[in-house]
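**Q** Contents of model34.tsv (TSV, C-alpha atoms) are below:
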```tsv
chain	number	residue	atom	x	y	z
A	1	MET	CA	41.82	24.71	6.23
A	2	ASP	CA	38.48	26.14	5.16
A	3	ASN	CA	35.86	25.40	7.77
A	4	HIS	CA	33.40	27.89	6.35
A	5	GLY	CA	33.95	30.55	8.99
A	6	GLY	CA	33.41	28.09	11.83
A	7	TRP	CA	29.71	27.70	11.08
A	8	MET	CA	29.97	23.98	10.52
A	9	GLU	CA	31.13	23.23	14.07
A	10	THR	CA	27.74	24.21	15.46
A	11	ALA	CA	25.80	21.57	17.37
A	12	PHE	CA	22.20	22.18	18.33
A	13	ASN	CA	20.35	20.80	21.31
A	14	THR	CA	17.05	19.12	20.61
A	15	ARG	CA	14.86	20.78	23.27
A	16	ASP	CA	15.15	24.46	22.40
A	17	PRO	CA	13.61	25.73	19.19
A	18	VAL	CA	16.27	25.49	16.49
A	19	TYR	CA	15.47	28.94	15.10
A	20	LEU	CA	16.13	30.54	18.49
A	21	GLN	CA	19.40	28.63	18.76
A	22	VAL	CA	20.40	30.14	15.42
A	23	VAL	CA	19.51	33.65	16.64
A	24	ARG	CA	21.58	32.99	19.75
A	25	LEU	CA	24.50	31.83	17.60
A	26	PHE	CA	24.43	35.12	15.68
A	27	LYS	CA	24.31	37.13	18.89
A	28	GLU	CA	27.35	35.30	20.25
A	29	ARG	CA	29.22	35.92	17.02
A	30	ILE	CA	28.38	39.60	17.13
A	31	VAL	CA	29.44	40.03	20.76
A	32	THR	CA	32.71	38.15	20.27
A	33	GLY	CA	33.53	40.16	17.17
A	34	LEU	CA	33.31	37.27	14.70
A	35	LEU	CA	30.59	39.26	12.95
A	36	ALA	CA	31.11	43.00	12.61
A	37	ALA	CA	28.49	45.74	12.42
A	38	GLY	CA	27.37	46.08	8.81
A	39	GLU	CA	28.93	42.78	7.75
A	40	ALA	CA	27.11	40.74	5.10
A	41	ILE	CA	25.90	37.36	6.36
A	42	PRO	CA	25.24	34.12	4.46
A	43	SER	CA	21.92	33.83	2.64
A	44	ARG	CA	19.14	31.79	4.18
A	45	ARG	CA	19.83	28.94	1.82
A	46	GLU	CA	23.58	29.02	2.55
A	47	ILE	CA	23.13	29.05	6.31
A	48	ALA	CA	20.69	26.14	6.09
A	49	SER	CA	23.23	24.00	4.32
A	50	LEU	CA	26.17	25.20	6.46
A	51	LEU	CA	24.33	24.41	9.68
A	52	LYS	CA	22.67	21.35	8.10
A	53	MET	CA	19.20	22.38	9.04
A	54	ASN	CA	15.81	22.74	7.50
A	55	PRO	CA	15.59	25.77	5.14
A	56	ASN	CA	12.25	26.73	6.70
A	57	THR	CA	13.98	27.01	10.07
A	58	ALA	CA	16.68	29.24	8.58
A	59	GLN	CA	13.94	31.40	7.11
A	60	ARG	CA	12.27	31.67	10.49
A	61	ALA	CA	15.54	32.53	12.28
A	62	TYR	CA	16.25	35.36	9.81
A	63	LYS	CA	12.73	36.67	10.19
A	64	GLU	CA	13.15	36.70	13.97
A	65	MET	CA	16.49	38.53	13.65
A	66	GLU	CA	14.92	41.09	11.36
A	67	GLU	CA	12.15	41.67	13.87
A	68	GLN	CA	14.68	42.10	16.67
A	69	GLY	CA	16.59	44.57	14.50
A	70	LEU	CA	19.68	42.35	14.54
A	71	ILE	CA	19.97	42.17	10.79
A	72	VAL	CA	18.74	44.36	7.97
A	73	THR	CA	17.76	43.26	4.49
A	74	GLU	CA	17.36	45.79	1.73
A	75	GLY	CA	15.87	44.69	-1.55
A	76	ASN	CA	17.80	41.89	-3.20
A	77	SER	CA	21.17	42.50	-1.55
A	78	PRO	CA	22.41	40.11	1.15
A	79	SER	CA	21.27	40.64	4.72
A	80	ARG	CA	23.71	42.53	6.95
A	81	ILE	CA	24.38	42.85	10.65
A	82	THR	CA	22.84	46.08	11.90
A	83	ARG	CA	24.97	49.19	12.49
A	84	ASP	CA	22.58	50.39	15.17
A	85	GLU	CA	24.77	50.98	18.26
A	86	ASP	CA	21.85	50.64	20.67
A	87	VAL	CA	20.89	47.21	19.34
A	88	LEU	CA	24.50	46.02	19.46
A	89	ARG	CA	24.94	47.27	23.03
A	90	ASN	CA	21.73	45.55	24.06
A	91	ILE	CA	22.91	42.21	22.70
A	92	ARG	CA	26.08	42.50	24.73
A	93	SER	CA	24.27	43.26	27.96
A	94	GLU	CA	21.69	40.55	27.24
A	95	LEU	CA	24.34	37.83	26.85
A	96	LEU	CA	26.38	39.11	29.79
A	97	GLY	CA	23.32	39.28	32.02
A	98	GLU	CA	22.34	35.74	31.04
A	99	ALA	CA	25.82	34.36	31.78
A	100	VAL	CA	25.93	36.07	35.17
A	101	ARG	CA	22.45	34.83	36.05
A	102	THR	CA	23.45	31.27	35.18
A	103	PHE	CA	26.59	31.57	37.28
A	104	VAL	CA	24.78	33.01	40.28
A	105	GLY	CA	22.06	30.39	39.96
A	106	SER	CA	24.59	27.57	39.99
A	107	ILE	CA	26.29	28.70	43.22
A	108	ARG	CA	23.22	30.09	44.98
A	109	ASN	CA	22.81	27.07	47.26
A	110	MET	CA	26.43	27.04	48.39
A	111	GLN	CA	25.92	30.04	50.66
A	112	VAL	CA	29.19	31.72	49.75
A	113	PRO	CA	29.69	35.34	50.84
A	114	LEU	CA	29.72	37.80	47.92
A	115	GLN	CA	33.22	39.04	48.78
A	116	GLU	CA	34.66	35.55	48.46
A	117	ILE	CA	32.93	35.07	45.10
A	118	VAL	CA	34.20	38.38	43.75
A	119	ALA	CA	37.73	37.49	44.83
A	120	LEU	CA	37.46	34.07	43.17
A	121	VAL	CA	36.08	35.57	39.97
A	122	GLN	CA	38.91	38.09	39.88
A	123	GLU	CA	41.50	35.37	40.44
A	124	GLU	CA	40.06	33.18	37.69
A	125	TYR	CA	39.75	36.14	35.32
A	126	GLU	CA	43.42	37.01	35.74
A	127	SER	CA	44.79	33.49	35.45
A	128	ASP	CA	42.62	32.91	32.39
A	129	ALA	CA	44.12	36.02	30.81
A	130	GLN	CA	47.61	34.76	31.67
A	131	ARG	CA	46.92	31.34	30.17
A	132	ARG	CA	45.86	32.99	26.97
A	133	ASP	CA	48.92	35.24	26.92
A	134	ARG	CA	51.13	32.19	27.04
A	135	LYS	CA	49.49	30.86	23.91
A	136	PRO	CA	50.11	33.62	21.36
A	137	GLY	CA	47.48	33.73	18.64
A	138	GLY	CA	44.92	32.02	20.83
A	139	GLU	CA	44.77	28.48	19.49
A	140	GLY	CA	47.83	26.25	19.09
A	141	ALA	CA	46.24	23.68	16.79
B	1	MET	CA	-0.33	18.48	-0.69
B	2	ILE	CA	-0.57	14.76	-0.05
B	3	ARG	CA	-3.75	14.11	1.87
B	4	ILE	CA	-4.47	10.75	3.44
B	5	GLU	CA	-7.91	10.30	4.86
B	6	ASN	CA	-9.16	7.53	7.10
B	7	ALA	CA	-6.76	4.93	5.70
B	8	HIS	CA	-7.47	1.33	6.68
B	9	LYS	CA	-5.34	-1.64	5.76
B	10	ARG	CA	-5.52	-5.22	6.88
B	11	TYR	CA	-3.07	-8.02	6.19
B	12	ARG	CA	-5.14	-11.15	6.78
B	13	TRP	CA	-6.32	-10.79	10.36
B	14	ARG	CA	-3.89	-8.05	11.37
B	15	LYS	CA	-5.05	-4.44	11.19
B	16	VAL	CA	-2.01	-2.41	10.11
B	17	LEU	CA	-3.78	0.89	9.51
B	18	ASP	CA	-6.91	1.61	11.48
B	19	GLY	CA	-8.12	5.02	10.34
B	20	VAL	CA	-5.02	7.11	9.58
B	21	THR	CA	-5.53	10.74	8.57
B	22	PHE	CA	-2.79	13.32	7.92
B	23	SER	CA	-1.29	15.56	5.24
B	24	ALA	CA	2.22	16.27	3.99
B	25	GLU	CA	2.66	19.80	2.65
B	26	LYS	CA	4.84	21.02	-0.17
B	27	GLY	CA	7.97	22.84	1.01
B	28	GLN	CA	8.01	20.87	4.24
B	29	ILE	CA	9.78	17.81	5.54
B	30	THR	CA	7.29	15.51	7.21
B	31	CYS	CA	8.39	12.42	9.08
B	32	LEU	CA	6.29	9.32	9.69
B	33	VAL	CA	7.51	7.81	12.93
B	34	GLY	CA	6.56	4.38	14.20
B	35	MET	CA	7.98	1.15	15.50
B	36	ASN	CA	8.61	-1.71	13.09
B	37	GLY	CA	5.36	-2.97	11.62
B	38	ALA	CA	3.47	0.26	12.37
B	39	GLY	CA	2.42	0.63	8.75
B	40	LYS	CA	4.83	3.37	7.64
B	41	SER	CA	5.98	1.60	4.49
B	42	THR	CA	2.44	0.49	3.76
B	43	LEU	CA	1.38	4.15	3.72
B	44	LEU	CA	4.14	5.13	1.30
B	45	LYS	CA	3.30	2.22	-0.98
B	46	ALA	CA	-0.37	3.11	-0.82
B	47	ILE	CA	0.39	6.69	-1.90
B	48	MET	CA	2.27	5.29	-4.90
B	49	GLY	CA	-0.62	2.97	-5.69
B	50	LEU	CA	1.55	-0.10	-5.10
B	51	THR	CA	-0.80	-1.59	-2.54
B	52	PRO	CA	-4.55	-1.05	-2.23
B	53	LEU	CA	-6.15	0.30	0.94
B	54	SER	CA	-9.04	-1.61	2.48
B	55	LYS	CA	-10.77	1.72	3.06
B	56	GLY	CA	-9.98	5.44	2.88
B	57	SER	CA	-8.62	7.86	0.30
B	58	ILE	CA	-5.33	9.35	-0.81
B	59	ARG	CA	-5.04	12.49	-2.91
B	60	VAL	CA	-1.93	14.17	-4.26
B	61	ASP	CA	-2.82	17.71	-5.35
B	62	GLY	CA	-6.04	16.24	-6.69
B	63	VAL	CA	-4.21	14.06	-9.21
B	64	GLY	CA	-6.25	11.25	-10.70
B	65	SER	CA	-4.30	8.98	-13.04
B	66	LYS	CA	-1.31	6.91	-12.01
B	67	ARG	CA	0.74	8.06	-14.96
B	68	GLU	CA	0.40	11.66	-13.81
B	69	LEU	CA	1.14	10.67	-10.23
B	70	TYR	CA	4.49	9.14	-11.17
B	71	GLU	CA	5.58	12.43	-12.71
B	72	LYS	CA	4.65	14.24	-9.53
B	73	VAL	CA	5.88	11.94	-6.79
B	74	SER	CA	9.09	9.95	-6.57
B	75	PHE	CA	9.53	7.02	-4.23
B	76	ILE	CA	12.81	5.88	-2.70
B	77	PRO	CA	12.25	2.39	-1.27
B	78	ASP	CA	14.46	0.90	1.44
B	79	HIS	CA	15.84	-1.73	-0.93
B	80	ALA	CA	17.65	-1.59	-4.28
B	81	ALA	CA	15.12	-0.77	-6.98
B	82	MET	CA	17.34	-1.85	-9.88
B	83	PRO	CA	18.48	-5.34	-10.94
B	84	GLY	CA	21.82	-6.36	-9.40
B	85	GLY	CA	23.47	-6.87	-12.76
B	86	TYR	CA	22.86	-3.26	-13.83
B	87	ARG	CA	25.68	-0.76	-13.75
B	88	LEU	CA	24.71	2.44	-11.95
B	89	GLU	CA	24.72	4.29	-15.28
B	90	ASP	CA	22.25	1.75	-16.72
B	91	GLY	CA	19.88	2.52	-13.86
B	92	LEU	CA	20.14	6.25	-14.59
B	93	GLN	CA	19.42	5.60	-18.27
B	94	PHE	CA	16.38	3.51	-17.36
B	95	MET	CA	15.02	6.39	-15.27
B	96	ALA	CA	15.76	8.90	-18.04
B	97	ASP	CA	13.78	6.77	-20.50
B	98	TYR	CA	10.88	6.32	-18.16
B	99	TYR	CA	10.40	9.73	-16.55
B	100	LYS	CA	9.59	12.87	-18.50
B	101	ARG	CA	10.81	15.02	-15.63
B	102	TRP	CA	14.18	13.28	-15.29
B	103	ASN	CA	16.92	15.90	-14.84
B	104	GLU	CA	20.22	14.53	-16.11
B	105	ALA	CA	22.37	17.41	-14.86
B	106	ARG	CA	20.98	16.93	-11.38
B	107	ALA	CA	21.56	13.17	-11.56
B	108	ASN	CA	25.22	13.75	-12.41
B	109	GLU	CA	25.54	16.32	-9.66
B	110	LEU	CA	24.14	13.86	-7.12
B	111	MET	CA	26.38	11.03	-8.36
B	112	ALA	CA	29.38	13.31	-7.85
B	113	PHE	CA	28.18	14.52	-4.45
B	114	PHE	CA	27.87	10.95	-3.16
B	115	ARG	CA	31.10	9.93	-4.96
B	116	LEU	CA	29.38	7.09	-6.79
B	117	ASP	CA	31.07	5.38	-9.71
B	118	PRO	CA	28.70	4.97	-12.71
B	119	ARG	CA	30.56	1.81	-13.74
B	120	ASP	CA	29.85	-0.03	-10.46
B	121	ARG	CA	27.20	-2.72	-10.45
B	122	VAL	CA	24.07	-2.36	-8.33
B	123	GLY	CA	24.53	-5.85	-6.88
B	124	ASN	CA	27.98	-5.00	-5.49
B	125	LEU	CA	26.96	-1.91	-3.51
B	126	SER	CA	27.20	-1.83	0.28
B	127	LYS	CA	24.04	-0.93	2.17
B	128	GLY	CA	25.10	2.69	2.68
B	129	THR	CA	26.12	3.12	-0.95
B	130	ALA	CA	22.89	1.52	-2.14
B	131	ALA	CA	20.98	4.03	0.00
B	132	LYS	CA	22.87	6.90	-1.64
B	133	TYR	CA	22.16	5.49	-5.10
B	134	GLY	CA	18.49	5.25	-4.13
B	135	LEU	CA	18.57	8.96	-3.30
B	136	VAL	CA	20.11	9.77	-6.67
B	137	LEU	CA	17.32	7.87	-8.43
B	138	GLY	CA	14.65	9.49	-6.29
B	139	LEU	CA	15.88	13.07	-6.24
B	140	ALA	CA	17.09	13.54	-9.81
B	141	ALA	CA	13.60	13.73	-11.23
B	142	ASP	CA	11.93	17.14	-10.92
B	143	THR	CA	9.02	15.85	-8.89
B	144	GLU	CA	7.09	17.92	-6.41
B	145	PHE	CA	7.02	15.26	-3.74
B	146	VAL	CA	9.60	12.76	-2.59
B	147	LEU	CA	8.79	9.73	-0.45
B	148	MET	CA	11.69	8.03	1.32
B	149	ASP	CA	11.40	4.78	3.21
B	150	GLU	CA	13.93	4.53	6.08
B	151	PRO	CA	16.79	6.32	4.28
B	152	PHE	CA	18.92	6.27	7.43
B	153	SER	CA	18.45	2.72	8.60
B	154	GLY	CA	21.42	0.39	8.93
B	155	ILE	CA	24.04	2.63	7.35
B	156	ASP	CA	27.25	4.13	8.70
B	157	VAL	CA	27.41	7.52	10.37
B	158	PHE	CA	29.21	9.31	7.53
B	159	SER	CA	26.71	8.13	4.96
B	160	ARG	CA	23.99	9.36	7.31
B	161	GLU	CA	25.66	12.75	7.50
B	162	MET	CA	25.84	13.02	3.73
B	163	ILE	CA	22.20	12.08	3.38
B	164	GLY	CA	21.36	14.61	6.07
B	165	GLU	CA	23.19	17.27	4.07
B	166	VAL	CA	20.98	16.59	1.09
B	167	PHE	CA	17.94	17.38	3.26
B	168	SER	CA	19.20	20.89	3.95
B	169	SER	CA	20.26	21.61	0.37
B	170	ARG	CA	18.45	23.07	-2.59
B	171	LEU	CA	17.95	19.52	-3.92
B	172	ILE	CA	15.06	19.31	-1.51
B	173	GLU	CA	14.02	22.94	-1.18
B	174	ASP	CA	10.45	23.71	-2.24
B	175	ARG	CA	9.56	20.06	-2.59
B	176	GLY	CA	7.40	18.14	-0.19
B	177	VAL	CA	9.24	15.33	1.55
B	178	LEU	CA	7.65	12.44	3.39
B	179	VAL	CA	10.22	10.28	5.13
B	180	THR	CA	9.76	7.29	7.43
B	181	THR	CA	11.95	6.29	10.33
B	182	HIS	CA	11.80	4.16	13.47
B	183	GLU	CA	14.62	6.12	15.14
B	184	ILE	CA	14.60	9.87	15.01
B	185	GLY	CA	18.24	10.41	15.97
B	186	GLU	CA	20.11	13.11	14.16
B	187	ILE	CA	17.37	14.03	11.71
B	188	GLU	CA	15.36	15.80	14.43
B	189	TYR	CA	16.59	19.24	13.32
B	190	LEU	CA	15.69	18.65	9.73
B	191	LEU	CA	12.00	18.06	10.24
B	192	ASP	CA	9.05	20.40	10.04
B	193	ARG	CA	6.43	17.91	11.16
B	194	ALA	CA	6.42	14.53	12.82
B	195	ILE	CA	3.51	12.12	12.65
B	196	LEU	CA	3.66	9.39	15.26
B	197	LEU	CA	1.85	6.17	14.40
B	198	LYS	CA	0.78	3.73	17.06
B	199	ASP	CA	-1.65	0.81	16.93
B	200	GLY	CA	-2.65	1.71	13.40
B	201	LYS	CA	-3.64	5.27	14.31
B	202	VAL	CA	-2.02	8.69	14.41
B	203	ALA	CA	-1.04	9.09	18.07
B	204	ARG	CA	0.45	12.59	17.63
B	205	ASP	CA	0.82	15.03	14.76
B	206	ILE	CA	3.30	17.75	15.76
B	207	ASP	CA	5.01	20.86	14.47
B	208	CYS	CA	8.52	20.16	15.77
B	209	GLU	CA	9.59	23.77	16.42
B	210	GLN	CA	6.28	24.54	18.10
B	211	VAL	CA	6.68	21.63	20.53
B	212	ARG	CA	10.18	22.83	21.42
B	213	ASP	CA	8.95	26.39	21.74
B	214	GLU	CA	5.84	25.79	23.82
B	215	GLN	CA	6.72	22.67	25.78
B	216	GLY	CA	10.52	22.55	25.73
B	217	LYS	CA	10.35	19.01	24.37
B	218	SER	CA	12.33	17.32	21.65
B	219	VAL	CA	10.66	14.99	19.16
B	220	LEU	CA	12.37	12.17	21.03
B	221	ASP	CA	10.67	13.31	24.27
B	222	VAL	CA	7.29	13.16	22.55
B	223	MET	CA	8.15	9.72	21.17
B	224	ARG	CA	8.93	8.53	24.70
B	225	GLU	CA	5.52	9.72	25.89
B	226	VAL	CA	3.78	7.90	23.10
B	227	TYR	CA	5.71	4.64	22.84
B	228	ARG	CA	6.65	3.96	26.46
B	229	SER	CA	3.24	4.47	27.95
```
Could you write out this file's structure as structure tokens?

**A**
Amino acid sequence: MDNHGGWMETAFNTRDPVYLQVVRLFKERIVTGLLAAGEAIPSRREIASLLKMNPNTAQRAYKEMEEQGLIVTEGNSPSRITRDEDVLRNIRSELLGEAVRTFVGSIRNMQVPLQEIVALVQEEYESDAQRRDRKPGGEGA
Amino acid sequence: MIRIENAHKRYRWRKVLDGVTFSAEKGQITCLVGMNGAGKSTLLKAIMGLTPLSKGSIRVDGVGSKRELYEKVSFIPDHAAMPGGYRLEDGLQFMADYYKRWNEARANELMAFFRLDPRDRVGNLSKGTAAKYGLVLGLAADTEFVLMDEPFSGIDVFSREMIGEVFSSRLIEDRGVLVTTHEIGEIEYLLDRAILLKDGKVARDIDCEQVRDEQGKSVLDVMREVYRS
């Protein structure tokens, strides 16, 4: 079934600026490979109606992504994801760093030795990989 | 721009508006928030010239005459605006006869989008369907401003979603929208500005993204501050 590239499943929270949540969404899609370097992205108007948000907010999100070098727009052609390797690498380390910081922050008060944490992370990482192997193609539904 | 300056309105002894000043810009979605009886509908009616203010002024892009105003601003009230015996198509014809800027192609597009049957009668519509029909009547004219009174109140969640979709589509784009609500709910994301009315005055006038950005607050958070204190 056509779910418009998964855009329509997005839910925003109400306390972070919506335009930054859109930028974040694009970064996640780039890092996970759902959006490739150089790939054309929906127009501002299209993304507004796909994500059911205010067109002014879409405009602002795209402007922010242009300023961060995430997307490039040339003349009248559709905006594209950048091909700049440095920018793409930075996004990856930004998201990874954030996830690790959140994780560390959430267990900080438990006073667990680093070794134990590393072992637990490794264990979880491996069993997660196994779980996914057992479900060929990723999703069953 | 719709500019309301120092609006006062009194119903007998009760002051409904006690010096309200704000503007609604073109290309933006502005929401008038307030509890029941806060004067939201009164303001919309006053803009349309349907009720006189006791004091204060309202200007729509400097327009003077009423006739001109009706070509510039459309009003979607919270109740059926057509006689119950009318078929939906009769209502569309009435609008086409009355408004110079009526856009028939857009009316048909909206009827199809909301899956409305032109042969149905206005009096037989459910509340949600009547709200959708109201949107068709209000949005099909090529007006620069659209006023909507409580478009989301008392209707089912799927109808709400469809109406929400209209807000993010090109049917709205570039127009100025002034919408009233007493519950912000799922339309939070769609707004540019929120104007919170309390005790006949503007308690807060906020740029929604700015409040999230600078204070980490949702519109609902700001409402709590204003209405629970």

**Q** Using all atoms listed in the file, which residues of region 53-81 of chain A come within 10 Å of region 14-23 of chain A, and what is the closest atom pair for each, with the distance in Å to one decimal? Give it as a tab-separated table, sorted by chain and residue number.

**A**
```
residue	atom	partner	partner_atom	distance
A:Met53	CA	A:Val18	CA	8.6
A:Asn54	CA	A:Val18	CA	9.4
A:Asn56	CA	A:Tyr19	CA	9.3
A:Thr57	CA	A:Tyr19	CA	5.6
A:Ala58	CA	A:Tyr19	CA	6.6
A:Gln59	CA	A:Tyr19	CA	8.5
A:Arg60	CA	A:Tyr19	CA	6.2
A:Ala61	CA	A:Tyr19	CA	4.6
A:Tyr62	CA	A:Val23	CA	7.8
A:Lys63	CA	A:Tyr19	CA	9.6
A:Glu64	CA	A:Val23	CA	7.5
A:Met65	CA	A:Val23	CA	6.5
A:Gln68	CA	A:Val23	CA	9.7
A:Leu70	CA	A:Val23	CA	9.0
```

**Q** Please write as an NGL selection string the list of polymer residues whose atoms come within 12 Å of (16.0, 18.6, 14.0), counting only C-alpha atoms and keeping to the coordinates of the file.

**A** (:A and (11-19 or 21 or 48 or 51-58)) or (:B and (29-31 or 164 or 167-168 or 184-194 or 207-209 or 211-212 or 217-220))

**Q** Of the candidates B:Glu173, B:Glu165, B:Glu150, B:Glu214, which one gets nearest to Leu50 (chain A) if we count only C-alpha atoms?

**A**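 Closest to Leu50 (chain A), using only C-alpha atoms: B:Glu165.
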
**Q** Can you work out which one of A:Pro42, A:Gly6, A:Gly69, A:Gly105 has the shortest atom-to-atom distance to Leu88 (chain A), counting all atoms listed in the file?

**A**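 Smallest distance to Leu88 (chain A) is found for A:Gly69.
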
**Q** My list of candidates is A:Asp84, A:Glu46, A:Glu98, A:Glu74. Which is closest to chain B when distances are computed with only C-alpha atoms?

**A**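 Checking each of A:Asp84, A:Glu46, A:Glu98, A:Glu74 against chain B, counting only C-alpha atoms, the winner is A:Glu46.
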
**Q** How many Å lie between CA of Arg119 (chain B) and CA of Val73 (chain B), rounded to one decimal?

**A**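 That distance, rounded to one decimal, is 27.6 Å.
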